[in-house]
>>> print(open('coords-v2.cif').read())   # mmCIF, C-alpha atoms and all ligand atoms
data_query
#
loop_
_atom_site.label_atom_id
_atom_site.label_comp_id
_atom_site.auth_asym_id
_atom_site.auth_seq_id
_atom_site.Cartn_x
_atom_site.Cartn_y
_atom_site.Cartn_z
CA LYS A 16 5.37 -9.33 5.15
CA ARG A 17 8.74 -9.43 6.95
CA TYR A 18 9.79 -6.17 8.58
CA PRO A 19 13.33 -5.01 9.36
CA THR A 20 13.45 -5.74 13.11
CA ASN A 21 16.99 -4.40 13.21
CA LEU A 22 15.41 -0.98 12.64
CA LEU A 23 12.40 -1.24 14.91
CA PRO A 24 11.24 -4.06 17.22
CA GLN A 25 8.75 -6.62 15.94
CA GLU A 26 6.08 -5.50 18.45
CA HIS A 27 6.24 -2.02 16.97
CA TRP A 28 5.56 -3.28 13.45
CA ASP A 29 2.75 -5.58 14.65
CA LYS A 30 1.04 -2.83 16.60
CA ARG A 31 1.33 -0.28 13.79
CA VAL A 32 0.13 -2.63 11.06
CA CYS A 33 -2.81 -3.69 13.20
CA TYR A 34 -3.74 -0.06 13.94
CA ILE A 35 -3.42 1.14 10.34
CA ARG A 36 -5.40 -1.82 8.99
CA SER A 37 -8.26 -1.31 11.40
CA ASN A 38 -8.21 2.47 10.87
CA CYS A 39 -8.34 2.02 7.08
CA GLN A 40 -11.16 -0.43 7.48
CA GLN A 41 -13.10 2.09 9.57
CA PHE A 42 -12.53 4.74 6.91
CA LEU A 43 -13.76 2.41 4.18
CA ASN A 44 -16.82 1.58 6.30
CA LYS A 45 -17.49 5.28 6.65
CA VAL A 46 -17.19 5.74 2.88
CA HIS A 47 -19.49 2.77 2.35
CA ASP A 48 -22.17 4.44 4.50
CA ALA A 49 -21.66 7.98 3.12
CA GLU A 50 -24.62 9.93 1.79
CA VAL A 51 -24.94 10.21 -1.99
CA TYR A 52 -27.36 12.53 -3.86
CA ASP A 53 -28.95 11.79 -7.18
CA ASP A 54 -27.71 15.13 -8.55
CA ASP A 55 -24.07 14.34 -7.63
CA VAL A 56 -21.42 13.76 -10.25
CA TRP A 57 -18.61 11.40 -9.22
CA ILE A 58 -15.31 11.42 -11.08
CA VAL A 59 -13.73 8.08 -10.28
CA THR A 60 -10.39 7.45 -11.95
CA LEU A 61 -7.03 5.85 -11.40
CA PRO A 62 -4.35 8.41 -10.46
CA LYS A 63 -2.56 10.28 -13.26
CA CYS A 64 -5.11 9.45 -15.92
CA GLY A 65 -6.37 12.98 -16.58
CA THR A 66 -8.59 13.34 -13.53
CA THR A 67 -7.86 17.03 -13.01
CA TRP A 68 -8.35 17.85 -16.65
CA MET A 69 -11.77 16.19 -16.72
CA GLN A 70 -12.65 17.55 -13.27
CA GLU A 71 -12.15 21.14 -14.40
CA LEU A 72 -14.19 20.44 -17.52
CA LEU A 73 -17.03 18.88 -15.49
CA TRP A 74 -17.06 21.61 -12.87
CA LEU A 75 -17.42 24.31 -15.51
CA VAL A 76 -20.21 22.51 -17.35
CA MET A 77 -22.03 21.81 -14.07
CA ASN A 78 -21.67 25.43 -12.96
CA ASP A 79 -22.86 27.26 -16.07
CA TYR A 80 -19.33 28.04 -17.24
CA ASP A 81 -18.53 30.20 -14.22
CA PHE A 82 -14.93 30.97 -15.26
CA GLU A 83 -14.71 33.71 -12.63
CA THR A 84 -15.18 31.34 -9.69
CA ALA A 85 -12.96 28.74 -11.38
CA LYS A 86 -10.20 31.35 -11.64
CA ASN A 87 -10.53 32.37 -7.99
CA THR A 88 -11.08 29.08 -6.17
CA ASN A 89 -8.82 26.05 -5.96
CA LEU A 90 -10.22 23.01 -7.70
CA GLU A 91 -9.86 20.91 -4.54
CA GLN A 92 -12.31 23.29 -2.81
CA ARG A 93 -14.79 23.25 -5.67
CA SER A 94 -14.52 19.50 -6.10
CA PRO A 95 -12.86 17.73 -3.15
CA PHE A 96 -10.81 14.56 -3.37
CA MET A 97 -12.75 12.25 -1.08
CA GLU A 98 -9.82 10.28 0.40
CA PHE A 99 -7.40 13.20 0.72
CA ASP A 100 -8.03 14.32 4.28
CA TYR A 101 -7.94 10.79 5.56
CA MET A 102 -4.72 10.04 3.68
CA ILE A 103 -3.00 13.07 5.15
CA HIS A 104 -4.35 13.17 8.69
CA SER A 105 -5.72 9.63 9.29
CA ASP A 106 -8.46 11.47 11.13
CA LEU A 107 -11.73 9.60 10.75
CA ASP A 108 -13.93 12.35 12.16
CA ARG A 109 -12.93 15.00 9.65
CA SER A 110 -12.30 12.57 6.80
CA LEU A 111 -15.48 13.15 4.76
CA LYS A 112 -16.23 16.71 5.90
CA PRO A 113 -15.20 18.39 2.61
CA ILE A 114 -17.71 16.40 0.58
CA GLU A 115 -20.39 16.52 3.26
CA ASP A 116 -20.15 20.33 3.39
CA LEU A 117 -20.11 20.81 -0.37
CA LYS A 118 -22.94 22.75 -1.96
CA ARG A 119 -25.14 20.67 -4.25
CA PRO A 120 -24.92 19.61 -7.02
CA ARG A 121 -21.59 18.15 -5.88
CA LEU A 122 -18.65 17.07 -8.01
CA VAL A 123 -16.73 14.47 -5.99
CA LYS A 124 -13.34 13.08 -6.95
CA SER A 125 -12.21 9.64 -5.82
CA HIS A 126 -9.45 7.22 -6.72
CA LEU A 127 -11.18 4.37 -4.88
CA ALA A 128 -12.21 1.26 -6.77
CA LEU A 129 -15.86 1.09 -7.78
CA PRO A 130 -16.79 -1.61 -5.23
CA LEU A 131 -15.45 0.58 -2.41
CA LEU A 132 -17.60 3.62 -3.21
CA PRO A 133 -20.65 4.46 -1.06
CA SER A 134 -23.33 1.83 -1.40
CA GLN A 135 -25.93 4.54 -2.11
CA ILE A 136 -24.28 4.99 -5.52
CA TRP A 137 -26.34 2.00 -6.63
CA ASP A 138 -29.67 3.36 -5.31
CA LYS A 139 -29.34 7.08 -5.99
CA LYS A 140 -27.64 6.50 -9.35
CA PRO A 141 -25.64 9.73 -9.56
CA LYS A 142 -23.71 10.34 -12.76
CA VAL A 143 -20.24 8.76 -12.76
CA VAL A 144 -17.33 9.75 -15.00
CA TYR A 145 -14.34 7.54 -15.74
CA VAL A 146 -11.21 8.48 -17.68
CA VAL A 147 -8.94 5.63 -18.72
CA ARG A 148 -5.31 6.22 -19.76
CA SER A 149 -2.64 3.94 -21.09
CA PRO A 150 -1.06 2.50 -17.92
CA LYS A 151 2.37 2.98 -19.50
CA ASP A 152 2.01 6.76 -19.44
CA ALA A 153 0.15 6.67 -16.14
CA PHE A 154 3.01 4.74 -14.42
CA VAL A 155 5.58 7.26 -15.69
CA SER A 156 3.44 10.21 -14.67
CA GLU A 157 2.86 8.59 -11.26
CA TYR A 158 6.60 8.18 -10.71
CA HIS A 159 7.35 11.86 -11.31
CA PHE A 160 4.46 12.97 -9.13
CA PHE A 161 5.21 10.58 -6.25
CA HIS A 162 8.93 11.22 -6.48
CA HIS A 163 8.41 14.93 -6.23
CA MET A 164 6.25 14.55 -3.13
CA GLY A 165 8.61 12.12 -1.41
CA LEU A 166 6.34 9.11 -1.75
CA VAL A 167 9.12 7.06 -3.36
CA PRO A 168 12.68 6.82 -1.95
CA PRO A 169 14.95 9.58 -3.34
CA GLN A 170 17.37 7.06 -4.89
CA CYS A 171 14.60 5.23 -6.78
CA SER A 172 14.99 5.84 -10.54
CA LEU A 173 12.15 5.90 -13.06
CA GLU A 174 13.22 2.48 -14.36
CA ASP A 175 13.35 1.04 -10.82
CA TYR A 176 9.86 2.37 -10.21
CA ILE A 177 8.47 0.89 -13.44
CA LYS A 178 10.08 -2.47 -12.65
CA GLY A 179 8.55 -2.33 -9.17
CA ARG A 180 5.15 -1.55 -10.68
CA MET A 181 5.46 -4.53 -13.05
CA TYR A 182 6.36 -7.00 -10.30
CA ASP A 183 3.92 -5.60 -7.76
CA LYS A 184 1.01 -8.00 -7.37
CA ASP A 185 -1.28 -5.04 -6.60
CA CYS A 186 -0.66 -4.01 -10.18
CA ASN A 187 -3.54 -6.29 -11.12
CA GLU A 188 -5.78 -3.79 -9.39
CA GLN A 189 -4.86 -1.22 -12.06
CA PHE A 190 -6.00 -3.56 -14.80
CA ASP A 191 -9.04 -4.94 -12.97
CA ASN A 192 -10.19 -1.38 -12.38
CA MET A 193 -9.79 -0.48 -16.06
CA TYR A 194 -11.58 -3.61 -17.22
CA GLU A 195 -14.40 -3.14 -14.70
CA PHE A 196 -15.27 0.28 -16.10
CA TYR A 197 -14.73 -0.89 -19.67
CA GLN A 198 -17.44 -3.51 -19.13
CA LEU A 199 -19.81 -0.84 -17.81
CA ARG A 200 -19.04 1.70 -20.55
CA SER A 201 -22.53 1.60 -22.10
CA GLU A 202 -24.42 2.19 -18.85
CA PRO A 203 -26.45 5.43 -19.10
CA TRP A 204 -25.19 6.68 -15.70
CA LEU A 205 -21.53 6.28 -16.74
CA PHE A 206 -19.51 8.60 -18.97
CA TYR A 207 -16.52 6.59 -20.13
CA THR A 208 -13.69 8.26 -22.02
CA SER A 209 -9.91 8.23 -22.26
CA PHE A 210 -7.02 10.62 -21.84
CA GLU A 211 -6.06 9.73 -25.41
CA GLN A 212 -9.53 10.71 -26.67
CA MET A 213 -9.33 14.02 -24.81
CA LYS A 214 -5.99 14.70 -26.51
CA LEU A 215 -7.37 13.72 -29.89
CA ASN A 216 -10.64 15.63 -29.86
CA LEU A 217 -11.31 17.67 -26.74
CA ARG A 218 -14.05 19.58 -28.53
CA GLN A 219 -16.07 16.39 -29.05
CA VAL A 220 -15.46 15.24 -25.45
CA ILE A 221 -16.79 18.58 -24.15
CA LEU A 222 -19.89 18.24 -26.36
CA ASP A 223 -20.39 14.65 -25.16
CA VAL A 224 -20.03 15.70 -21.52
CA CYS A 225 -22.64 18.44 -22.04
CA LYS A 226 -25.03 15.89 -23.54
CA PHE A 227 -24.36 13.47 -20.68
CA LEU A 228 -25.08 16.16 -18.08
CA GLY A 229 -28.05 17.59 -20.01
CA LYS A 230 -26.37 21.01 -20.42
CA SER A 231 -26.17 23.27 -23.45
CA ILE A 232 -23.13 25.12 -24.76
CA ASP A 233 -22.79 27.76 -27.46
CA ASP A 234 -19.86 28.22 -29.82
CA THR A 235 -18.32 31.15 -27.95
CA ILE A 236 -18.29 29.27 -24.65
CA LEU A 237 -17.00 26.15 -26.37
CA GLU A 238 -14.02 28.10 -27.73
CA ARG A 239 -13.41 29.56 -24.29
CA MET A 240 -13.57 26.11 -22.74
CA LEU A 241 -11.04 24.76 -25.26
CA LYS A 242 -8.63 27.55 -24.40
CA HIS A 243 -9.15 27.25 -20.64
CA LEU A 244 -8.63 23.47 -20.75
CA SER A 245 -5.59 23.54 -23.03
CA PHE A 246 -2.38 22.18 -21.55
CA LYS A 247 -0.70 25.57 -21.88
CA GLU A 248 -3.42 27.35 -19.92
CA MET A 249 -3.80 24.65 -17.28
CA LYS A 250 -0.06 24.55 -16.75
CA LYS A 251 -0.06 28.15 -15.63
CA ASN A 252 -3.34 27.95 -13.73
CA PRO A 253 -2.58 27.85 -9.96
CA ARG A 254 -6.19 26.80 -9.27
CA THR A 255 -5.81 23.47 -11.03
CA ASN A 256 -2.19 22.77 -10.17
CA HIS A 257 -2.91 21.13 -6.82
CA LEU A 258 -0.20 23.23 -5.18
CA TRP A 259 -1.99 23.12 -1.85
CA GLU A 260 -2.38 19.32 -1.86
CA ILE A 261 1.22 18.82 -2.97
CA GLU A 262 2.41 21.04 -0.09
CA GLU A 263 0.32 19.04 2.40
CA VAL A 264 1.86 15.77 1.23
CA ARG A 265 5.35 17.30 1.29
CA LYS A 266 4.83 18.37 4.90
CA MET A 267 3.98 14.77 5.71
CA THR A 268 6.95 13.26 3.87
CA LYS A 269 9.28 16.13 4.84
CA ARG A 270 10.50 16.29 1.24
CA GLU A 271 12.00 19.54 0.03
CA GLY A 272 10.27 21.18 -2.89
CA GLY A 273 11.92 21.50 -6.30
CA ASP A 274 10.97 22.25 -9.84
CA PHE A 275 7.77 20.45 -10.68
CA ASN A 276 4.58 21.32 -12.42
CA PHE A 277 1.49 19.16 -11.95
CA CYS A 278 0.82 19.68 -15.66
CA ARG A 279 4.09 18.00 -16.56
CA LYS A 280 4.06 16.76 -20.17
CA GLY A 281 0.42 16.12 -20.99
CA GLU A 282 1.27 13.82 -23.90
CA THR A 283 0.32 10.39 -25.12
CA ASN A 284 3.04 7.75 -25.40
CA SER A 285 5.50 9.96 -23.55
CA TYR A 286 6.82 6.79 -21.83
CA LYS A 287 8.63 6.05 -25.10
CA LYS A 288 10.67 9.22 -24.76
CA GLU A 289 11.41 8.76 -21.07
CA LEU A 290 12.42 5.09 -20.90
CA SER A 291 15.26 3.16 -22.53
CA PRO A 292 14.31 1.08 -25.61
CA GLU A 293 14.70 -2.12 -23.53
CA MET A 294 12.36 -0.84 -20.84
CA VAL A 295 9.86 0.36 -23.47
CA GLN A 296 9.82 -3.17 -24.89
CA LYS A 297 9.43 -4.75 -21.44
CA LEU A 298 6.60 -2.42 -20.50
CA ASP A 299 4.87 -2.94 -23.88
CA ASP A 300 5.03 -6.73 -23.40
CA PHE A 301 3.90 -6.51 -19.79
CA VAL A 302 0.85 -4.37 -20.53
CA LYS A 303 -0.05 -6.39 -23.62
CA GLU A 304 -0.07 -9.59 -21.60
CA LYS A 305 -2.01 -8.09 -18.69
CA VAL A 306 -4.72 -6.67 -20.94
CA SER A 307 -4.95 -9.85 -23.03
CA ASN A 308 -5.95 -11.72 -19.85
CA TYR A 309 -9.33 -9.99 -20.24
CA GLY A 310 -9.60 -11.00 -23.90
CA ILE A 311 -9.10 -7.41 -25.15
CA THR A 312 -6.29 -5.17 -26.39
CA LEU A 313 -5.14 -1.83 -25.02
CA ASP A 314 -6.74 -0.09 -28.02
CA ASP A 315 -10.15 -1.47 -27.00
CA LEU A 316 -10.05 0.35 -23.68
P1 LIG B 1 1.80 13.80 -17.26
O1 LIG B 1 2.46 13.61 -15.93
O2 LIG B 1 2.01 12.63 -18.18
O3 LIG B 1 2.14 15.09 -17.90
P2 LIG B 1 -4.33 13.39 -12.86
O4 LIG B 1 -5.04 14.67 -12.84
O5 LIG B 1 -5.22 12.19 -12.98
O6 LIG B 1 -3.38 13.26 -11.71
O7 LIG B 1 -3.45 13.34 -14.21
C1 LIG B 1 -2.29 14.13 -14.35
C2 LIG B 1 -1.81 14.00 -15.79
O8 LIG B 1 -2.72 14.70 -16.64
C3 LIG B 1 -0.43 14.62 -15.99
O9 LIG B 1 0.20 13.83 -16.99
C4 LIG B 1 -0.81 16.01 -16.50
O10 LIG B 1 0.19 16.66 -17.20
C5 LIG B 1 -1.99 15.66 -17.41
N1 LIG B 1 -2.84 16.82 -17.71
C6 LIG B 1 -3.44 17.67 -16.85
N2 LIG B 1 -4.07 18.65 -17.51
C7 LIG B 1 -3.87 18.43 -18.83
C8 LIG B 1 -4.26 19.13 -20.04
N3 LIG B 1 -4.97 20.23 -20.01
N4 LIG B 1 -3.85 18.60 -21.22
C9 LIG B 1 -3.11 17.46 -21.27
N5 LIG B 1 -2.71 16.77 -20.16
C10 LIG B 1 -3.08 17.26 -18.97
#
>>> encode(input="coords-v2.cif", output="structure tokens")
Amino acid sequence: KRYPTNLLPQEHWDKRVCYIRSNCQQFLNKVHDAEVYDDDVWIVTLPKCGTTWMQELLWLVMNDYDFETAKNTNLEQRSPFMEFDYMIHSDLDRSLKPIEDLKRPRLVKSHLALPLLPSQIWDKKPKVVYVVRSPKDAFVSEYHFFHHMGLVPPQCSLEDYIKGRMYDKDCNEQFDNMYEFYQLRSEPWLFYTSFEQMKLNLRQVILDVCKFLGKSIDDTILERMLKHLSFKEMKKNPRTNHLWEIEEVRKMTKREGGDFNFCRKGETNSYKKELSPEMVQKLDDFVKEKVSNYGITLDDL
């Protein structure tokens, strides 16, 4: 990478890159060695694919539908995001504290790729949940979220961001990740579903999750779950809106707040409404080609 030495001297860039790389490596080593319990549940998704939605569902099923606690405690406290503290503070010592201190059975959220998760995952075999979402909607959702928190430059438009995503070589990681879990979808320790499936038939997804976790549910609770997990309810639920996390990121990026709700649109194919017809076509072609490299179509995922 070439850095703008007119802004900062070369030695500065070299030193910083070297430090950040080695620090990240140490964090990943720490994650690799982290303790895993066989009664854990790990929700491991790509960002903006319905993680929070599924996380709330899982937490309630795992905790005997304790709506009271869910209403009074932020989701990030009930089910911490493993990388969050490290991302915000780069502090290795405190980086895994929230999951280490969590009462068992733990529900842990991570956006890390499967090969980067603790190695004990493969010995202890905790349950793992994966939610796939069309990358077209995920990219758009990601833009709004990152833009709001100051993680993309203020002048960057949605179309600029999507173009950047398409030409970014790391974009392969998005597709490799999706295909990796797709290949594992029949493993008994993995619950594989999609955002689209949750939109289509949330009732069935809840029943399937209960079966996967070996929990029962009666009709009254099921109706209550459907209401609690509806977009309308989650939109006004401050416990699942990640307000605290968003504030922490904003402090870091020094971005002013504005109108934004974590539960933004909650739709499938909303990219078609938000992008120009030309961009829709470009993104359709791009994703089709990427997915076809694995010998599958987007509908297979
Ligand atoms: P949009 O930005 O497209 O609206 P994650 O939790 O992985 O970051 O995913 C966030 C996305 O899930 C956002 O998508 C958000 O609106 C959507 N979402 C969250 N709760 C939802 C619900 N109950 N119903 C539908 N979509 C929901």
>>> closest_residue(input="coords-v2.cif", among="A:Arg109, A:Glu195, A:Phe160, A:Arg254", to="Asn276 of chain A", atoms="only C-alpha atoms")
A:Phe160
>>> closest_residue(input="coords-v2.cif", among="A:Asp138, A:Glu248, A:Glu98, A:Glu293", to="ligand LIG 1 (chain B)", atoms="all atoms listed in the file")
A:Glu248
>>> residues_around(input="coords-v2.cif", residues="segment 133-135 of chain A", least_positions_apart="6", cutoff="7 Å", atoms="all atoms listed in the file", output="PyMOL selection string")
chain A and resi 46-51
>>> atom_distance(input="coords-v2.cif", atom1="atom CA of Leu43 of chain A", atom2="atom CA of Leu131 of chain A")
7.0 Å
>>> atom_distance(input="coords-v2.cif", atom1="atom CA of Thr66 of chain A", atom2="atom O2 of ligand LIG 1 (chain B)")
11.6 Å
>>> residues_around(input="coords-v2.cif", residues="Tyr182 of chain A", least_positions_apart="5", cutoff="12 Å", atoms="all atoms listed in the file", output="count of residues only")
9
>>> closest_atom_pairs(input="coords-v2.cif", of="chain A", to="ligand LIG 1 (chain B)", cutoff="10 Å", atoms="all atoms listed in the file", output="Markdown table")
| residue | atom | partner | partner_atom | distance |
| --- | --- | --- | --- | --- |
| A:Val59 | CA | B:LIG1 | O5 | 9.8 |
| A:Thr60 | CA | B:LIG1 | O5 | 7.1 |
| A:Leu61 | CA | B:LIG1 | O5 | 6.8 |
| A:Pro62 | CA | B:LIG1 | O5 | 4.6 |
| A:Lys63 | CA | B:LIG1 | O5 | 3.3 |
| A:Cys64 | CA | B:LIG1 | O5 | 4.0 |
| A:Gly65 | CA | B:LIG1 | O7 | 3.8 |
| A:Thr66 | CA | B:LIG1 | O5 | 3.6 |
| A:Thr67 | CA | B:LIG1 | O4 | 3.7 |
| A:Trp68 | CA | B:LIG1 | N2 | 4.4 |
| A:Met69 | CA | B:LIG1 | O4 | 7.9 |
| A:Gln70 | CA | B:LIG1 | O4 | 8.1 |
| A:Glu71 | CA | B:LIG1 | N2 | 9.0 |
| A:Leu72 | CA | B:LIG1 | N3 | 9.6 |
| A:His126 | CA | B:LIG1 | O5 | 9.0 |
| A:Val146 | CA | B:LIG1 | O5 | 8.5 |
| A:Val147 | CA | B:LIG1 | O5 | 9.5 |
| A:Arg148 | CA | B:LIG1 | O5 | 9.0 |
| A:Lys151 | CA | B:LIG1 | O2 | 9.7 |
| A:Asp152 | CA | B:LIG1 | O2 | 6.0 |
| A:Ala153 | CA | B:LIG1 | O2 | 6.6 |
| A:Phe154 | CA | B:LIG1 | O2 | 8.8 |
| A:Val155 | CA | B:LIG1 | O2 | 6.9 |
| A:Ser156 | CA | B:LIG1 | O1 | 3.8 |
| A:Glu157 | CA | B:LIG1 | O1 | 6.9 |
| A:Tyr158 | CA | B:LIG1 | O1 | 8.6 |
| A:His159 | CA | B:LIG1 | O1 | 7.0 |
| A:Phe160 | CA | B:LIG1 | O1 | 7.1 |
| A:Phe210 | CA | B:LIG1 | N5 | 7.7 |
| A:Glu211 | CA | B:LIG1 | C9 | 9.3 |
| A:Met213 | CA | B:LIG1 | C9 | 7.9 |
| A:Lys214 | CA | B:LIG1 | C9 | 6.6 |
| A:Leu217 | CA | B:LIG1 | N4 | 9.3 |
| A:Leu241 | CA | B:LIG1 | N3 | 9.2 |
| A:Lys242 | CA | B:LIG1 | N3 | 9.3 |
| A:His243 | CA | B:LIG1 | N3 | 8.2 |
| A:Leu244 | CA | B:LIG1 | N3 | 4.9 |
| A:Ser245 | CA | B:LIG1 | N3 | 4.5 |
| A:Phe246 | CA | B:LIG1 | N3 | 3.6 |
| A:Lys247 | CA | B:LIG1 | N3 | 7.1 |
| A:Glu248 | CA | B:LIG1 | N3 | 7.3 |
| A:Met249 | CA | B:LIG1 | N3 | 5.3 |
| A:Lys250 | CA | B:LIG1 | N2 | 7.2 |
| A:Thr255 | CA | B:LIG1 | N2 | 8.3 |
| A:Asn256 | CA | B:LIG1 | C6 | 8.5 |
| A:His257 | CA | B:LIG1 | O4 | 9.1 |
| A:Asn276 | CA | B:LIG1 | O10 | 8.0 |
| A:Phe277 | CA | B:LIG1 | O10 | 6.0 |
| A:Cys278 | CA | B:LIG1 | O10 | 3.4 |
| A:Arg279 | CA | B:LIG1 | O3 | 3.8 |
| A:Lys280 | CA | B:LIG1 | O3 | 3.4 |
| A:Gly281 | CA | B:LIG1 | N5 | 3.3 |
| A:Glu282 | CA | B:LIG1 | O2 | 5.9 |
| A:Thr283 | CA | B:LIG1 | O2 | 7.5 |
| A:Asn284 | CA | B:LIG1 | O2 | 8.8 |
| A:Ser285 | CA | B:LIG1 | O2 | 6.9 |
| A:Tyr286 | CA | B:LIG1 | O2 | 8.4 |
>>> atom_distance(input="coords-v2.cif", atom1="atom CA of Asn252 of chain A", atom2="atom CA of Phe82 of chain A")
12.1 Å
>>> closest_atom_pairs(input="coords-v2.cif", of="segment 76-169 of chain A", to="segment 196-203 of chain A", cutoff="12 Å", atoms="all atoms listed in the file", output="Markdown table")
| residue | atom | partner | partner_atom | distance |
| --- | --- | --- | --- | --- |
| A:Ala128 | CA | A:Phe196 | CA | 9.9 |
| A:Leu129 | CA | A:Phe196 | CA | 8.4 |
| A:Pro130 | CA | A:Phe196 | CA | 11.1 |
| A:Lys140 | CA | A:Pro203 | CA | 9.9 |
| A:Pro141 | CA | A:Pro203 | CA | 10.5 |
| A:Lys142 | CA | A:Pro203 | CA | 8.5 |
| A:Val143 | CA | A:Pro203 | CA | 9.5 |
| A:Val144 | CA | A:Phe196 | CA | 9.8 |
| A:Tyr145 | CA | A:Phe196 | CA | 7.3 |
| A:Val146 | CA | A:Phe196 | CA | 9.3 |
| A:Val147 | CA | A:Phe196 | CA | 8.7 |
| A:Arg148 | CA | A:Tyr197 | CA | 11.8 |
>>> residues_around(input="coords-v2.cif", residues="segment 161-173 of chain A", least_positions_apart="4", cutoff="7 Å", atoms="all atoms listed in the file", output="PyMOL selection string")
chain A and resi 157+177+261+264-265+268+270
>>> write_last_selection(input="coords-v2.cif", atoms="C-alpha atoms", output="mmCIF file, keeping the file's coordinate frame")
data_model
loop_
_atom_site.group_PDB
_atom_site.id
_atom_site.type_symbol
_atom_site.label_atom_id
_atom_site.label_comp_id
_atom_site.auth_asym_id
_atom_site.auth_seq_id
_atom_site.Cartn_x
_atom_site.Cartn_y
_atom_site.Cartn_z
ATOM 1 C CA GLU A 157 2.860 8.590 -11.260
ATOM 2 C CA ILE A 177 8.470 0.890 -13.440
ATOM 3 C CA ILE A 261 1.220 18.820 -2.970
ATOM 4 C CA VAL A 264 1.860 15.770 1.230
ATOM 5 C CA ARG A 265 5.350 17.300 1.290
ATOM 6 C CA THR A 268 6.950 13.260 3.870
ATOM 7 C CA ARG A 270 10.500 16.290 1.240
#
>>> closest_residue(input="coords-v2.cif", among="A:Asp191, A:Glu262, A:Val224, A:Leu290", to="Tyr309 of chain A", atoms="all atoms listed in the file")
A:Asp191
>>> closest_residue(input="coords-v2.cif", among="A:Trp74, A:Asp55, A:Ile232, A:Lys45", to="Lys112 of chain A", atoms="all atoms listed in the file")
A:Lys45
>>> closest_residue(input="coords-v2.cif", among="A:Phe275, A:Tyr207, A:Phe190, A:Phe99", to="Val306 of chain A", atoms="all atoms listed in the file")
A:Phe190
>>> residues_near_point(input="coords-v2.cif", point="(-13.6, 17.5, 0.9)", cutoff="12 Å", atoms="all atoms listed in the file", output="number ranges by chain")
A: 89-102, 109-118, 121-125, 260
>>> closest_residue(input="coords-v2.cif", among="A:Asp79, A:Asp108, A:Lys139, A:Met181", to="Glu304 of chain A", atoms="all atoms listed in the file")
A:Met181
>>> residues_near_point(input="coords-v2.cif", point="(-18.5, 27.7, -18.8)", cutoff="8 Å", atoms="only C-alpha atoms", output="list in words")
Leu75, Val76, Asn78, Asp79, Tyr80, Asp81, Phe82, Ile232, Ile236, Leu237, Arg239 and Met240 of chain A
>>> build_atoms(input="coords-v2.cif", residues="segment 291-303 of chain A", atoms="N, CA and C atoms", output="JSON list (two decimals), in the frame of the given file")
[["chain", "number", "residue", "atom", "x", "y", "z"],
["A", 291, "SER", "N", 14.32, 3.72, -21.55],
["A", 291, "SER", "CA", 15.26, 3.16, -22.53],
["A", 291, "SER", "C", 14.49, 2.22, -23.47],
["A", 292, "PRO", "N", 15.02, 1.98, -24.68],
["A", 292, "PRO", "CA", 14.31, 1.08, -25.61],
["A", 292, "PRO", "C", 14.01, -0.29, -24.99],
["A", 293, "GLU", "N", 14.93, -0.80, -24.16],
["A", 293, "GLU", "CA", 14.70, -2.12, -23.53],
["A", 293, "GLU", "C", 13.51, -2.06, -22.58],
["A", 294, "MET", "N", 13.46, -0.97, -21.80],
["A", 294, "MET", "CA", 12.36, -0.84, -20.84],
["A", 294, "MET", "C", 11.03, -0.63, -21.56],
["A", 295, "VAL", "N", 11.08, 0.12, -22.67],
["A", 295, "VAL", "CA", 9.86, 0.36, -23.47],
["A", 295, "VAL", "C", 9.32, -1.00, -23.91],
["A", 296, "GLN", "N", 10.23, -1.85, -24.42],
["A", 296, "GLN", "CA", 9.82, -3.17, -24.89],
["A", 296, "GLN", "C", 9.22, -4.00, -23.75],
["A", 297, "LYS", "N", 9.91, -3.97, -22.59],
["A", 297, "LYS", "CA", 9.43, -4.75, -21.44],
["A", 297, "LYS", "C", 8.04, -4.28, -21.01],
["A", 298, "LEU", "N", 7.88, -2.97, -20.96],
["A", 298, "LEU", "CA", 6.60, -2.42, -20.50],
["A", 298, "LEU", "C", 5.50, -2.71, -21.54],
["A", 299, "ASP", "N", 5.85, -2.60, -22.83],
["A", 299, "ASP", "CA", 4.87, -2.94, -23.88],
["A", 299, "ASP", "C", 4.41, -4.39, -23.71],
["A", 300, "ASP", "N", 5.38, -5.30, -23.53],
["A", 300, "ASP", "CA", 5.03, -6.73, -23.40],
["A", 300, "ASP", "C", 4.19, -6.98, -22.16],
["A", 301, "PHE", "N", 4.60, -6.32, -21.07],
["A", 301, "PHE", "CA", 3.90, -6.51, -19.79],
["A", 301, "PHE", "C", 2.43, -6.09, -19.91],
["A", 302, "VAL", "N", 2.22, -4.89, -20.45],
["A", 302, "VAL", "CA", 0.85, -4.37, -20.53],
["A", 302, "VAL", "C", 0.02, -5.19, -21.52],
["A", 303, "LYS", "N", 0.66, -5.59, -22.62],
["A", 303, "LYS", "CA", -0.05, -6.39, -23.62],
["A", 303, "LYS", "C", -0.56, -7.70, -22.98]]
